[in-house]
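Chemist: Starting off with a structure, shown below.
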Amino acid sequence: VAARVAEGSLAPSDVDAAAVRDSLLTGGMPPVDLLLRTSGEKRLSDFLLWQCSRAHLAFIDTLWPDLSLWDVAGVLLDYQDTRWRQPCR
């Protein structure tokens, strides 16, 4: 976005959330609804920060190689419960 403003192809007044979203590598893709972070870490490490701004974040202690269907099912049930309690995003 900054490069486009500097070269004059984008006016500074046109910089908004949509301009930033569309300039990301994930531009044009649907927003992230659920992000599952394994290994017990409670951080995103700058991974998809913009895209996950309204996502349900799940942090579990299981390591990625040990992830089971039951782990994912528990996360999905929690996500479903959260979506039911907060239907408007």
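The chains in the structure tokens are called A, B, ... from first to last as shown; in each chain the residues are counted from 1, and the ligands are counted from 1 in the order shown.
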DSSP says strand (DSSP E or B) for which residues of chain A? Put them as a list in words?
Modeler: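 Filtering chain A down to strand (DSSP E or B) leaves Leu34, Leu35, Leu36, Arg37, His56, Leu57, Ala58 and Phe59 of chain A.
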Chemist: Mind checking which residues fall within 9 Å of Cys52 (chain A), counting only C-alpha atoms, ignoring those fewer than 6 positions away in the same chain, and posting them as a ChimeraX atom specification?
Modeler: /A:31-35
Chemist: Just write the chosen residues, C-alpha atoms, as an mmCIF file, in the first residue's frame.
Modeler:
data_model
loop_
_atom_site.group_PDB
_atom_site.id
_atom_site.type_symbol
_atom_site.label_atom_id
_atom_site.label_comp_id
_atom_site.auth_asym_id
_atom_site.auth_seq_id
_atom_site.Cartn_x
_atom_site.Cartn_y
_atom_site.Cartn_z
ATOM 1 C CA PRO A 31 -11.918 -14.185 5.969
ATOM 2 C CA VAL A 32 -10.545 -16.587 8.558
ATOM 3 C CA ASP A 33 -13.310 -17.886 10.834
ATOM 4 C CA LEU A 34 -11.260 -20.188 13.041
ATOM 5 C CA LEU A 35 -7.538 -20.374 13.716
#
Chemist: If I take CA of Arg85 (chain A) and CA of Phe47 (chain A), how far is one from the other in Å, to one decimal?
Modeler: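 Computing the Euclidean distance for CA of Arg85 (chain A) and CA of Phe47 (chain A) yields 26.6 Å.
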Chemist: Report the distance between CA of Arg43 (chain A) and CA of Thr82 (chain A) in Å, rounded to one decimal place.
Modeler: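 We find that CA of Arg43 (chain A) and CA of Thr82 (chain A) lie 19.9 Å from each other.
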Chemist: Do you have, as a tab-separated table, the list of residues of region 28-86 of chain A lying at most 12 Å from region 3-19 of chain A, each with its nearest atom pair and that distance in Å to one decimal, counting only C-alpha atoms and ordered by chain then number?
Modeler:
residue	atom	partner	partner_atom	distance
A:Gly28	CA	A:Ala18	CA	10.5
A:Trp50	CA	A:Ala17	CA	9.6
A:Gln51	CA	A:Ala17	CA	11.0
A:Ser53	CA	A:Ala17	CA	11.6
Chemist: Between CA of Leu63 (chain A) and CA of Thr38 (chain A), what is the distance, to one decimal in Å?
Modeler: 5.5 Å
Chemist: Using the chain letters and numbers from this document, which residues of chain A does DSSP assign to helix (DSSP H, G or I), as a PyMOL selection string?
Modeler: chain A and resi 2-7+12-14+17-23+64-66+69-85
Chemist: For those residues, write C-alpha atoms to a file as a short mmCIF file (atom, residue, chain, number, x, y, z; two decimals), in the first residue's frame.
Modeler:
data_model
loop_
_atom_site.label_atom_id
_atom_site.label_comp_id
_atom_site.auth_asym_id
_atom_site.auth_seq_id
_atom_site.Cartn_x
_atom_site.Cartn_y
_atom_site.Cartn_z
CA ALA A 2 2.80 2.40 0.93
CA ALA A 3 4.59 1.74 -2.37
CA ARG A 4 1.40 2.42 -4.33
CA VAL A 5 0.93 5.70 -2.45
CA ALA A 6 4.57 6.66 -3.06
CA GLU A 7 4.32 6.00 -6.80
CA PRO A 12 -3.46 8.64 0.64
CA SER A 13 -7.14 9.40 1.21
CA ASP A 14 -8.01 6.07 -0.44
CA ALA A 17 -9.18 -1.37 5.49
CA ALA A 18 -10.28 -2.64 2.07
CA ALA A 19 -7.10 -1.35 0.40
CA VAL A 20 -4.93 -3.08 2.99
CA ARG A 21 -6.97 -6.31 2.85
CA ASP A 22 -6.85 -6.45 -0.95
CA SER A 23 -3.09 -5.88 -1.06
CA TRP A 64 0.84 -30.77 15.61
CA PRO A 65 2.04 -34.35 14.90
CA ASP A 66 -0.13 -35.63 17.77
CA LEU A 69 -9.82 -35.88 15.40
CA TRP A 70 -10.93 -35.51 19.02
CA ASP A 71 -8.75 -32.42 19.48
CA VAL A 72 -10.25 -30.83 16.38
CA ALA A 73 -13.77 -31.86 17.42
CA GLY A 74 -13.32 -30.12 20.78
CA VAL A 75 -12.14 -26.94 19.07
CA LEU A 76 -15.06 -27.07 16.63
CA LEU A 77 -17.56 -27.52 19.46
CA ASP A 78 -16.09 -24.52 21.28
CA TYR A 79 -16.24 -22.50 18.05
CA GLN A 80 -19.84 -23.56 17.47
CA ASP A 81 -20.78 -22.55 21.03
CA THR A 82 -19.09 -19.17 20.63
CA ARG A 83 -20.82 -18.53 17.29
CA TRP A 84 -24.18 -19.47 18.82
CA ARG A 85 -23.69 -17.02 21.70
#
